[in-house]
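Q: Please see the structure below; I have some questions.
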Amino acid sequence: MGRFLARRLAATLPVLLVVAVLVFLMLRLTPGDPAAVLAGDAASTEQIARIRAGLGLDRSLPEQFAIWVGRMLSGDLGQSFYYKMPVTELIGQRIEPTVSLAVLTISIAVLIAVPLGVLAAWRFGGALDRSLMAFSVLGFSIPVFVLAYLLIWLVSLKLGWLPVQGYKRFGDGVLPWLQHLLLPSITLSVIYIALIARVTRASVLETLGEDYIRTARAKGLAEKRVLIRHALANAAVPIVTVIGIGVALLIGGVVVTESVYAIPGLGRLTVDAVLARDFPTIQGVILLFSFAYVLVNLLVDVSYVFLDPRIRY
């Protein structure tokens, strides 16, 4: 296990390097000049040139990349063009809302989807099973921003149950924090509930046809014990896998959800940085998202050992 973890952690470095190169090149080769954005519409060519020199954008691409990588290896992600502060400090200020939204979203999705999937498999072909399939199709079909505006209109404007927008830090109190995050988390969790529930249903349905399930029932075990201890336990690997895959979808969903609900997290920061052509901030946030995704995949792989004793690394 130790060697496996060491190999996987070492493998993250080439992945992050490839991501860094691609992001760097895409930002530099797409239309738009950060110096022109910062200078404003009334700026002269000389003023824009001075700003470009101050930002280091007048140097060649290999030189810019070498300087950025050198700083990154020492833990310095550079200085934000737009916010005029270190990118690491900027990310530190915005990471709590994003992590809170992601953790609450995944928690809601897992707590709802896994029991639904198990029950749908148990009542295969029944009303619950058909309802789950219909919900899954609906959950995959409705865009996140459309669902967000519908929930804002119904829950916040019509019923007045939850705030429309904004964010309260966890340190300001658990209840205000939860009130401001609940609606965005529900919005974002719908697609994950549909995804996880369908995979759970399919996996549990497959295990329910195995011989050991018939043996357990023949022994007179309670149906609840058969479903949880035998069927769900043996179907856990694909369920955990799809939860890990959901993290990749979550990254894109966070950007949209934070923008709609005006949550000052990394998703909203990414949108603002793209509009301002803030290269260091975009690069820093994307690298952080990439590292988080690789880390989650590593944790999923490690969990296989505990979920299935037959798997060894």
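Labels used: A, B, ... for chains in the order of the structure tokens, numbers from 1 for residues in each chain, and numbers from 1 for ligands as shown.
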Wanna dump the region 74-99 of chain A-region 248-262 of chain A contacts at 10 Å for me, each residue with its shortest atom pair and the distance in Å to one decimal, counting only C-alpha atoms, ordered by chain and number, as CSV?
A:
```
residue,atom,partner,partner_atom,distance
A:Pro97,CA,A:Glu258,CA,9.0
A:Thr98,CA,A:Val254,CA,7.3
A:Val99,CA,A:Val254,CA,9.8
```
Q: So that I can check the surroundings of region 231-233 of chain A, please list as a ChimeraX atom specification every protein, DNA and RNA residue that reaches within 12 Å of it, counting only C-alpha atoms and ignoring chain neighbours fewer than 4 positions away.
A: /A:114-119,121-122,199-214,216-217,223-227,237-240,304,306-309
Q: Using only C-alpha atoms, can you tell me which of A:Gly171, A:Gly166, A:Pro62, A:Gly56 comes closest to Gln79 (chain A)?
A: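 Closest candidate: A:Gly56.
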Q: With the cut-off set at 10 Å and counting only C-alpha atoms, tabulate each residue of region 47-103 of chain A with an atom at most that distance from an atom of region 268-282 of chain A, showing the nearest atom pair and its distance in Å to one decimal, ordered by chain and increasing number, as a Markdown table.
A:
```
| residue | atom | partner | partner_atom | distance |
| --- | --- | --- | --- | --- |
| A:Trp68 | CA | A:Pro280 | CA | 8.6 |
| A:Leu77 | CA | A:Pro280 | CA | 6.7 |
| A:Gly78 | CA | A:Pro280 | CA | 5.9 |
| A:Gln79 | CA | A:Pro280 | CA | 6.5 |
| A:Ser80 | CA | A:Pro280 | CA | 5.7 |
| A:Phe81 | CA | A:Asp278 | CA | 5.4 |
| A:Tyr82 | CA | A:Asp278 | CA | 6.0 |
| A:Tyr83 | CA | A:Asp278 | CA | 8.7 |
| A:Met85 | CA | A:Thr281 | CA | 9.9 |
| A:Pro86 | CA | A:Thr281 | CA | 8.8 |
| A:Val87 | CA | A:Thr281 | CA | 5.7 |
| A:Thr88 | CA | A:Thr281 | CA | 8.8 |
| A:Leu90 | CA | A:Thr281 | CA | 8.2 |
| A:Ile91 | CA | A:Thr281 | CA | 8.4 |
| A:Arg94 | CA | A:Leu269 | CA | 7.6 |
| A:Ile95 | CA | A:Leu269 | CA | 9.9 |
| A:Thr98 | CA | A:Arg268 | CA | 9.2 |
```
Q: List every residue of region 5-188 of chain A that DSSP, applied to the backbone, labels as alpha helix (DSSP H), and write the result as a PyMOL selection string.
A: chain A and resi 5-29+34-39+45-55+61-73+87-122+127-141+144-151+174-188
Q: Please produce an output containing C-alpha atoms for each residue in the selection, written as a tab-separated table (two decimals), in the first residue's frame.
A:
```
chain	number	residue	atom	x	y	z
A	5	LEU	CA	0.51	5.62	-2.57
A	6	ALA	CA	4.04	6.82	-3.33
A	7	ARG	CA	3.65	5.92	-7.03
A	8	ARG	CA	0.27	7.63	-7.29
A	9	LEU	CA	1.47	10.78	-5.53
A	10	ALA	CA	4.52	10.88	-7.79
A	11	ALA	CA	2.25	10.45	-10.82
A	12	THR	CA	0.34	13.61	-9.90
A	13	LEU	CA	3.37	15.77	-10.74
A	14	PRO	CA	3.35	15.00	-14.51
A	15	VAL	CA	-0.43	15.43	-14.56
A	16	LEU	CA	-0.20	18.85	-12.93
A	17	LEU	CA	2.66	19.81	-15.26
A	18	VAL	CA	0.59	18.92	-18.34
A	19	VAL	CA	-2.36	20.88	-16.93
A	20	ALA	CA	-0.08	23.84	-16.24
A	21	VAL	CA	1.29	23.83	-19.80
A	22	LEU	CA	-2.15	23.55	-21.40
A	23	VAL	CA	-3.70	26.27	-19.24
A	24	PHE	CA	-0.72	28.57	-19.79
A	25	LEU	CA	-0.82	28.17	-23.57
A	26	MET	CA	-4.62	28.46	-23.87
A	27	LEU	CA	-4.67	31.69	-21.88
A	28	ARG	CA	-1.83	33.25	-23.86
A	29	LEU	CA	-3.05	32.17	-27.28
A	34	PRO	CA	-4.94	41.79	-19.74
A	35	ALA	CA	-3.06	45.08	-20.06
A	36	ALA	CA	-5.82	46.55	-22.24
A	37	VAL	CA	-8.47	45.40	-19.75
A	38	LEU	CA	-6.62	46.99	-16.83
A	39	ALA	CA	-5.84	50.20	-18.74
A	45	THR	CA	-0.93	52.44	-26.84
A	46	GLU	CA	2.01	53.67	-24.76
A	47	GLN	CA	0.09	53.22	-21.51
A	48	ILE	CA	-0.92	49.68	-22.46
A	49	ALA	CA	2.69	48.87	-23.37
A	50	ARG	CA	3.90	50.11	-19.97
A	51	ILE	CA	1.31	47.97	-18.19
A	52	ARG	CA	2.32	44.93	-20.27
A	53	ALA	CA	5.96	45.49	-19.29
A	54	GLY	CA	5.00	45.84	-15.64
A	55	LEU	CA	3.08	42.55	-15.76
A	61	LEU	CA	6.22	32.68	-23.82
A	62	PRO	CA	9.00	30.26	-22.76
A	63	GLU	CA	10.45	32.92	-20.47
A	64	GLN	CA	7.04	33.70	-18.94
A	65	PHE	CA	6.38	29.99	-18.40
A	66	ALA	CA	9.79	29.37	-16.81
A	67	ILE	CA	9.30	32.27	-14.39
A	68	TRP	CA	5.81	31.07	-13.44
A	69	VAL	CA	6.89	27.44	-12.91
A	70	GLY	CA	9.89	28.55	-10.86
A	71	ARG	CA	7.67	30.58	-8.56
A	72	MET	CA	5.05	27.83	-8.40
A	73	LEU	CA	7.62	25.26	-7.24
A	87	VAL	CA	-2.92	34.45	-5.74
A	88	THR	CA	-2.33	32.10	-2.78
A	89	GLU	CA	-3.81	34.69	-0.42
A	90	LEU	CA	-6.73	35.28	-2.79
A	91	ILE	CA	-7.46	31.54	-2.98
A	92	GLY	CA	-7.22	31.28	0.80
A	93	GLN	CA	-9.94	33.93	1.15
A	94	ARG	CA	-12.28	32.20	-1.33
A	95	ILE	CA	-11.76	28.49	-0.58
A	96	GLU	CA	-14.14	28.16	2.41
A	97	PRO	CA	-17.40	28.86	0.49
A	98	THR	CA	-16.43	26.45	-2.29
A	99	VAL	CA	-15.40	23.63	0.06
A	100	SER	CA	-18.55	24.17	2.15
A	101	LEU	CA	-20.77	24.05	-0.95
A	102	ALA	CA	-19.02	20.96	-2.32
A	103	VAL	CA	-19.09	19.00	0.94
A	104	LEU	CA	-22.73	19.82	1.65
A	105	THR	CA	-23.73	18.98	-1.94
A	106	ILE	CA	-22.01	15.59	-1.91
A	107	SER	CA	-23.41	14.82	1.56
A	108	ILE	CA	-26.98	15.58	0.47
A	109	ALA	CA	-26.57	13.59	-2.73
A	110	VAL	CA	-25.13	10.48	-1.05
A	111	LEU	CA	-27.60	10.48	1.86
A	112	ILE	CA	-30.55	10.66	-0.54
A	113	ALA	CA	-29.30	8.77	-3.61
A	114	VAL	CA	-27.90	5.60	-2.02
A	115	PRO	CA	-31.06	4.67	-0.06
A	116	LEU	CA	-33.20	5.53	-3.09
A	117	GLY	CA	-31.08	3.34	-5.35
A	118	VAL	CA	-31.21	0.41	-2.92
A	119	LEU	CA	-34.97	0.67	-2.51
A	120	ALA	CA	-35.48	0.98	-6.29
A	121	ALA	CA	-33.43	-2.18	-6.86
A	122	TRP	CA	-35.35	-3.98	-4.11
A	127	ALA	CA	-43.68	2.50	-8.75
A	128	LEU	CA	-40.59	3.63	-6.81
A	129	ASP	CA	-38.27	2.16	-9.44
A	130	ARG	CA	-40.10	3.85	-12.31
A	131	SER	CA	-40.24	7.14	-10.40
A	132	LEU	CA	-36.49	7.01	-9.79
A	133	MET	CA	-35.81	6.42	-13.49
A	134	ALA	CA	-38.03	9.37	-14.42
A	135	PHE	CA	-36.30	11.58	-11.83
A	136	SER	CA	-32.89	10.53	-13.15
A	137	VAL	CA	-33.79	11.54	-16.70
A	138	LEU	CA	-35.19	14.84	-15.44
A	139	GLY	CA	-32.15	15.49	-13.25
A	140	PHE	CA	-29.77	14.99	-16.16
A	141	SER	CA	-31.89	17.10	-18.52
A	144	VAL	CA	-28.06	23.77	-13.27
A	145	PHE	CA	-28.70	27.48	-13.87
A	146	VAL	CA	-32.31	26.86	-14.94
A	147	LEU	CA	-33.01	24.81	-11.81
A	148	ALA	CA	-31.29	27.47	-9.71
A	149	TYR	CA	-33.54	30.27	-10.97
A	150	LEU	CA	-36.65	28.10	-10.54
A	151	LEU	CA	-35.74	27.32	-6.92
A	174	VAL	CA	-23.98	27.27	11.84
A	175	LEU	CA	-27.60	28.28	11.16
A	176	PRO	CA	-26.84	31.34	8.95
A	177	TRP	CA	-24.16	29.30	7.16
A	178	LEU	CA	-26.61	26.49	6.47
A	179	GLN	CA	-29.44	28.84	5.43
A	180	HIS	CA	-27.30	30.47	2.75
A	181	LEU	CA	-25.85	27.18	1.45
A	182	LEU	CA	-28.88	24.91	1.54
A	183	LEU	CA	-30.56	26.18	-1.63
A	184	PRO	CA	-27.36	26.21	-3.74
A	185	SER	CA	-26.48	22.73	-2.45
A	186	ILE	CA	-29.92	21.36	-3.32
A	187	THR	CA	-29.64	22.92	-6.77
A	188	LEU	CA	-26.24	21.37	-7.38
```
